[in-house]
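S.K.: A single structure is presented below for examination.
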Amino acid sequence: MNMFKLTGLLAKIKEADLPEAAELESVLSLESSDDLNTLFSFADLVRHEFCGEGIFLRGIIEFSNFCIRNCFYCGLNKNNLKIKRYRMKKDEILKSVELLAARNIKTVVLQSGDDSGIDVLWLRDIILEIKSKFDMAITLSVGERSFDDYKLWKDAGADRYLLKIETSDKALYESAHEGMSLDNRIRCLDDLKTLGYQVGSGNIVGLPGQTLKIIANDIIFFKERDLDMTGIGPFIPHGDSRFSNQDIGEALLTLKTIALTRIVTKNSHIPATTALGSLDKDYRMDGLGCGANVLMPNFTPQPYRKLYEIYPGKRCVDEPVGACNFCMDDMAKSLGRFIDYGIGDSLKVGRYV
Ligand code: SF4
């Protein structure tokens, strides 16, 4: 596409209250290196305008790999009898949070499978203790729960919640998530927003049967819901899941989705995900160069880290806890940016003050 025409189209998409799916689809289908450079540079400028040069860190602790679900791509699916299951003890979690605080990181992401064995009061006590000891935001990512569970944790001090929808297409969602419904996923997102959480969601790029139109509709879904955080990662099927023989999602299409999501949503936090760093090469730098503004260092201690194998080839499973900080500092510097050690709340002005 002519550069001026493409820049005009991207500017139109950026200014639209709700962009048209066909226009997003046409951008997702771009292939020439000139077009891609134009797209990525435009997205980087939008990131600069709405998010600045800082890269926020979210320290992640994967505290349980039990799961009651059977997502057809995930290594933690309930039918995978090969993995050793674990649930970290309260003291172990708090020790990991301490390490994270010592690295000056101000957000902890407490993540697990959809683990019905997590006692709601046990997790509430952990939230209370973290909040009483550390100046830190807490993001929960523990799956689909009732309104009352979400409320209890919010009242205890949890700030944010991450629940990816994976795809906004009902049929595609149900073809990859046995016994689950997109409607309940959306009900959870609605509950979280009602309760005042900063809400993160996102999709997987490259799911079997996914089309560019579906991805375009995902981006419109992100815009409509005005998400505080949007996580976009490539499809990487685990060898012990139903989709083990399916092709891995393309890095380039994932980057195009990140870039367009930045242009459309403007100031949603967008991480350069660990999955993006776990393909044939580490594409996190590329992600940061086309719209992403968040990195997620892993603070899950061994031996658990190796057992949280959602997908194979996951980056940084052998590194010592905390090593990621230095690596991420280098990544930021090489892009002429910096690690922002602030708390990194939502950029949706006025919503949470
Ligand atoms: S993607 Fe999440 S809910 Fe699905 S099987 Fe894996 S850990 Fe469980």
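Here, A, B, ... name the chains of the structure tokens in the order displayed, residue numbers run from 1 inside each chain, and ligands are numbered from 1 in the same displayed order.
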Could I get the residue neighbourhood of ligand 1 at 8 Å, counting only C-alpha atoms and all ligand atoms, as a list of chain:residue names?
M.R.: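 Result of the 8 Å neighbour search around ligand 1: A:Asn65, A:Phe66, A:Cys67, A:Ile68, A:Arg69, A:Asn70, A:Cys71, A:Phe72, A:Tyr73, A:Cys74, A:Gly75, A:Leu76, A:Asn77, A:Lys78, A:Ser112, A:Gly113, A:Asp114, A:Asp115, A:Gly143, A:His177, A:Ile310.
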S.K.: Identify, on the basis of only C-alpha atoms, every residue whose closest approach to segment 324-333 of chain A does not exceed 10 Å; exclude the query and any residue fewer than 5 positions from it along the same chain; express the result as a list in words.
M.R.: Glu53, Gly54, Ile55, Leu57, Gly59, Leu100, Arg103, Asn104, Ile105, Arg284, Met285, Leu288, Asn293, Leu295, Met296, Pro297, Asn298, Phe299, Cys316, Glu319, Phe338, Ile339 and Asp340 of chain A
S.K.: Can you pull out the residues contacting Phe235 of chain A? Cut-off 10 Å, using only C-alpha atoms, and skip same-chain residues under 3 positions away; I want them as a list in words.
M.R.: Tyr73, Cys74, Glu166, Asn203, Ile204, Val205, Gly206, Leu207, Pro208, Ile232, His238, Gln246, Asp247, Ile248, Gly249, Glu250, Ala251, Thr254, Ala275, Leu276, Leu279 and Tyr311 of chain A
S.K.: Those selected residues, please, written with C-alpha atoms and delivered as a PDB file, in the first residue's frame.
M.R.:
```pdb
ATOM      1  CA  TYR A  73      -3.564 -26.000  23.983  1.00  0.00           C
ATOM      2  CA  CYS A  74      -2.445 -25.795  27.600  1.00  0.00           C
ATOM      3  CA  GLU A 166      -8.396 -15.830  24.302  1.00  0.00           C
ATOM      4  CA  ASN A 203      -6.277 -13.010  23.084  1.00  0.00           C
ATOM      5  CA  ILE A 204      -4.202 -15.776  21.536  1.00  0.00           C
ATOM      6  CA  VAL A 205      -3.028 -15.270  17.963  1.00  0.00           C
ATOM      7  CA  GLY A 206      -2.954 -18.344  15.757  1.00  0.00           C
ATOM      8  CA  LEU A 207      -5.650 -20.534  17.318  1.00  0.00           C
ATOM      9  CA  PRO A 208      -6.702 -23.274  14.875  1.00  0.00           C
ATOM     10  CA  ILE A 232      -1.622 -10.613  23.225  1.00  0.00           C
ATOM     11  CA  HIS A 238       1.683 -28.003  24.522  1.00  0.00           C
ATOM     12  CA  GLN A 246      -1.358 -27.923  15.422  1.00  0.00           C
ATOM     13  CA  ASP A 247       0.949 -25.259  13.976  1.00  0.00           C
ATOM     14  CA  ILE A 248       2.394 -22.592  16.246  1.00  0.00           C
ATOM     15  CA  GLY A 249       1.014 -19.062  15.790  1.00  0.00           C
ATOM     16  CA  GLU A 250       3.035 -16.648  13.666  1.00  0.00           C
ATOM     17  CA  ALA A 251       5.226 -14.101  15.431  1.00  0.00           C
ATOM     18  CA  THR A 254       1.135 -11.450  16.763  1.00  0.00           C
ATOM     19  CA  ALA A 275       5.140 -16.352  25.090  1.00  0.00           C
ATOM     20  CA  LEU A 276       6.342 -13.799  22.533  1.00  0.00           C
ATOM     21  CA  LEU A 279       9.200 -18.625  19.769  1.00  0.00           C
ATOM     22  CA  TYR A 311       3.362 -24.230  26.694  1.00  0.00           C
TER      23      TYR A 311
END
```
S.K.: Between atom CA of Asn2 of chain A and atom CA of Asp35 of chain A, what is the spacing in Å?
M.R.: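 According to the coordinates, atom CA of Asp35 of chain A and atom CA of Asn2 of chain A are separated by 8.1 Å.
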S.K.: Atom CA of Phe134 of chain A and atom CA of Ser64 of chain A are how many Å apart?
M.R.: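 Answer for the atom CA of Phe134 of chain A to atom CA of Ser64 of chain A separation: 22.1 Å.
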S.K.: Excluding segment 341-346 of chain A and any residue of its chain fewer than 5 positions from it, enumerate the residues within 7 Å of it, using only C-alpha atoms, and give them as number ranges by chain.
M.R.: A: 56, 104-107, 136-137, 198, 228
S.K.: Suppose we keep C-alpha atoms; can you now write the selection as a compact mmCIF listing (two decimals), in the first residue's frame?
M.R.:
```
# COMPACT_ATOMS: atom_id res chain seq x y z
CA PHE A 56 6.62 -1.16 33.65
CA ASN A 104 12.03 -2.54 43.62
CA ILE A 105 9.17 -4.05 41.63
CA LYS A 106 5.81 -2.60 42.59
CA THR A 107 3.35 -5.05 41.05
CA MET A 136 2.78 -2.86 45.98
CA ALA A 137 -0.14 -3.39 43.60
CA GLN A 198 -8.25 -2.61 36.91
CA ASP A 228 -6.73 -1.33 31.43
```
S.K.: Rank nothing, just name the residue among A:Glu23, A:Arg315, A:Phe50, A:Thr139 nearest to Gly277 of chain A, using only C-alpha atoms.
M.R.: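 Smallest separation from Gly277 of chain A among the options: A:Arg315.
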S.K.: I need the helix (DSSP H, G or I) residues of segment 61-291 of chain A per DSSP on the backbone, written as an MDAnalysis selection string.
M.R.: chainID A and resid 90:102 120:133 147:156 170:176 182:194 212:225 251:265 276:278 284:289
S.K.: Per DSSP on the backbone, what are the strand (DSSP E or B) residues of segment 22-263 of chain A, as a PyMOL selection string?
M.R.: chain A and resi 54-57+59-64+71+87+107-112+137-141+160-162+166+177+198-205+229-234
S.K.: Take the selection from the previous step and output its residues with C-alpha atoms, as a PDB file, in the first residue's frame.
M.R.:
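Result file is selection11.pdb:
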```
ATOM      1  CA  GLY A  54       8.823   3.970  30.644  1.00  0.00           C
ATOM      2  CA  ILE A  55       8.494   0.186  30.635  1.00  0.00           C
ATOM      3  CA  PHE A  56       6.622  -1.160  33.654  1.00  0.00           C
ATOM      4  CA  LEU A  57       7.550  -4.424  35.358  1.00  0.00           C
ATOM      5  CA  GLY A  59       6.661  -9.623  38.794  1.00  0.00           C
ATOM      6  CA  ILE A  60       4.829 -12.887  38.334  1.00  0.00           C
ATOM      7  CA  ILE A  61       4.488 -15.693  40.884  1.00  0.00           C
ATOM      8  CA  GLU A  62       2.870 -18.838  39.481  1.00  0.00           C
ATOM      9  CA  PHE A  63       1.691 -20.250  42.766  1.00  0.00           C
ATOM     10  CA  SER A  64      -0.402 -23.263  41.689  1.00  0.00           C
ATOM     11  CA  CYS A  71      -8.109 -25.900  27.326  1.00  0.00           C
ATOM     12  CA  ARG A  87       0.429 -25.398  45.209  1.00  0.00           C
ATOM     13  CA  THR A 107       3.353  -5.045  41.049  1.00  0.00           C
ATOM     14  CA  VAL A 108       3.000  -8.704  41.926  1.00  0.00           C
ATOM     15  CA  VAL A 109       0.909 -10.941  39.673  1.00  0.00           C
ATOM     16  CA  LEU A 110      -0.400 -13.937  41.612  1.00  0.00           C
ATOM     17  CA  GLN A 111      -1.202 -16.456  38.916  1.00  0.00           C
ATOM     18  CA  SER A 112      -2.488 -20.034  38.962  1.00  0.00           C
ATOM     19  CA  ALA A 137      -0.140  -3.387  43.599  1.00  0.00           C
ATOM     20  CA  ILE A 138      -1.591  -6.884  43.446  1.00  0.00           C
ATOM     21  CA  THR A 139      -2.846  -8.412  40.219  1.00  0.00           C
ATOM     22  CA  LEU A 140      -4.767 -11.659  40.534  1.00  0.00           C
ATOM     23  CA  SER A 141      -4.943 -14.128  37.673  1.00  0.00           C
ATOM     24  CA  ARG A 160      -6.110  -5.678  39.317  1.00  0.00           C
ATOM     25  CA  TYR A 161      -7.337  -8.851  37.661  1.00  0.00           C
ATOM     26  CA  LEU A 162      -6.153 -10.564  34.514  1.00  0.00           C
ATOM     27  CA  GLU A 166      -8.396 -15.830  24.302  1.00  0.00           C
ATOM     28  CA  HIS A 177     -12.180 -24.753  25.656  1.00  0.00           C
ATOM     29  CA  GLN A 198      -8.248  -2.610  36.906  1.00  0.00           C
ATOM     30  CA  VAL A 199      -9.124  -5.239  34.331  1.00  0.00           C
ATOM     31  CA  GLY A 200      -6.801  -6.996  31.923  1.00  0.00           C
ATOM     32  CA  SER A 201      -7.801  -9.378  29.166  1.00  0.00           C
ATOM     33  CA  GLY A 202      -6.444 -10.392  25.793  1.00  0.00           C
ATOM     34  CA  ASN A 203      -6.277 -13.010  23.084  1.00  0.00           C
ATOM     35  CA  ILE A 204      -4.202 -15.776  21.536  1.00  0.00           C
ATOM     36  CA  VAL A 205      -3.028 -15.270  17.963  1.00  0.00           C
ATOM     37  CA  MET A 229      -4.377  -4.026  30.183  1.00  0.00           C
ATOM     38  CA  THR A 230      -4.415  -6.104  26.995  1.00  0.00           C
ATOM     39  CA  GLY A 231      -2.217  -9.196  26.690  1.00  0.00           C
ATOM     40  CA  ILE A 232      -1.622 -10.613  23.225  1.00  0.00           C
ATOM     41  CA  GLY A 233       0.393 -13.783  22.795  1.00  0.00           C
ATOM     42  CA  PRO A 234       1.073 -16.335  20.078  1.00  0.00           C
TER      43      PRO A 234
END
```
S.K.: I'd like the neighbourhood of Cys51 of chain A as a VMD selection string, where a residue qualifies if any of its atoms comes within 9 Å (using only C-alpha atoms), though same-chain residues fewer than 3 positions away should be ignored.
M.R.: chain A and resid 46 to 48 54 to 55 266 to 269 293 347
S.K.: For the residues in the current selection, export N, CA, C and O atoms as a PDB file, in the first residue's frame.
M.R.:
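Produced file part-v6.pdb, reproduced below:
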```
ATOM      1  N   VAL A  46       2.252   6.083  18.753  1.00  0.00           N
ATOM      2  CA  VAL A  46       1.058   6.126  19.616  1.00  0.00           C
ATOM      3  C   VAL A  46       1.447   5.718  21.042  1.00  0.00           C
ATOM      4  O   VAL A  46       1.020   6.345  22.024  1.00  0.00           O
ATOM      5  N   ARG A  47       2.273   4.696  21.156  1.00  0.00           N
ATOM      6  CA  ARG A  47       2.777   4.284  22.483  1.00  0.00           C
ATOM      7  C   ARG A  47       3.514   5.436  23.160  1.00  0.00           C
ATOM      8  O   ARG A  47       3.293   5.747  24.333  1.00  0.00           O
ATOM      9  N   HIS A  48       4.351   6.130  22.391  1.00  0.00           N
ATOM     10  CA  HIS A  48       5.100   7.272  22.931  1.00  0.00           C
ATOM     11  C   HIS A  48       4.133   8.370  23.399  1.00  0.00           C
ATOM     12  O   HIS A  48       4.285   8.917  24.496  1.00  0.00           O
ATOM     13  N   GLY A  54       8.590   4.939  29.563  1.00  0.00           N
ATOM     14  CA  GLY A  54       8.823   3.970  30.644  1.00  0.00           C
ATOM     15  C   GLY A  54       8.262   2.593  30.309  1.00  0.00           C
ATOM     16  O   GLY A  54       7.227   2.463  29.646  1.00  0.00           O
ATOM     17  N   ILE A  55       8.981   1.569  30.766  1.00  0.00           N
ATOM     18  CA  ILE A  55       8.494   0.186  30.635  1.00  0.00           C
ATOM     19  C   ILE A  55       8.226  -0.319  32.051  1.00  0.00           C
ATOM     20  O   ILE A  55       9.132  -0.327  32.895  1.00  0.00           O
ATOM     21  N   LYS A 266      -5.041   2.889  22.346  1.00  0.00           N
ATOM     22  CA  LYS A 266      -4.193   4.037  22.719  1.00  0.00           C
ATOM     23  C   LYS A 266      -3.435   3.852  24.035  1.00  0.00           C
ATOM     24  O   LYS A 266      -2.234   3.773  24.045  1.00  0.00           O
ATOM     25  N   ASN A 267      -4.142   3.820  25.181  1.00  0.00           N
ATOM     26  CA  ASN A 267      -3.380   3.829  26.437  1.00  0.00           C
ATOM     27  C   ASN A 267      -3.618   2.602  27.321  1.00  0.00           C
ATOM     28  O   ASN A 267      -3.439   2.660  28.537  1.00  0.00           O
ATOM     29  N   SER A 268      -4.017   1.500  26.728  1.00  0.00           N
ATOM     30  CA  SER A 268      -4.084   0.251  27.505  1.00  0.00           C
ATOM     31  C   SER A 268      -2.638  -0.220  27.735  1.00  0.00           C
ATOM     32  O   SER A 268      -1.805  -0.102  26.839  1.00  0.00           O
ATOM     33  N   HIS A 269      -2.351  -0.722  28.927  1.00  0.00           N
ATOM     34  CA  HIS A 269      -1.028  -1.340  29.110  1.00  0.00           C
ATOM     35  C   HIS A 269      -0.964  -2.603  28.251  1.00  0.00           C
ATOM     36  O   HIS A 269      -1.893  -3.431  28.287  1.00  0.00           O
ATOM     37  N   ASN A 293       4.414  -1.908  26.331  1.00  0.00           N
ATOM     38  CA  ASN A 293       5.065  -1.038  27.328  1.00  0.00           C
ATOM     39  C   ASN A 293       5.218  -1.713  28.693  1.00  0.00           C
ATOM     40  O   ASN A 293       5.408  -1.036  29.696  1.00  0.00           O
ATOM     41  N   LEU A 347      -3.674   3.589  32.910  1.00  0.00           N
ATOM     42  CA  LEU A 347      -3.507   4.920  32.321  1.00  0.00           C
ATOM     43  C   LEU A 347      -4.847   5.542  31.936  1.00  0.00           C
ATOM     44  O   LEU A 347      -4.893   6.597  31.323  1.00  0.00           O
TER      45      LEU A 347
END
```
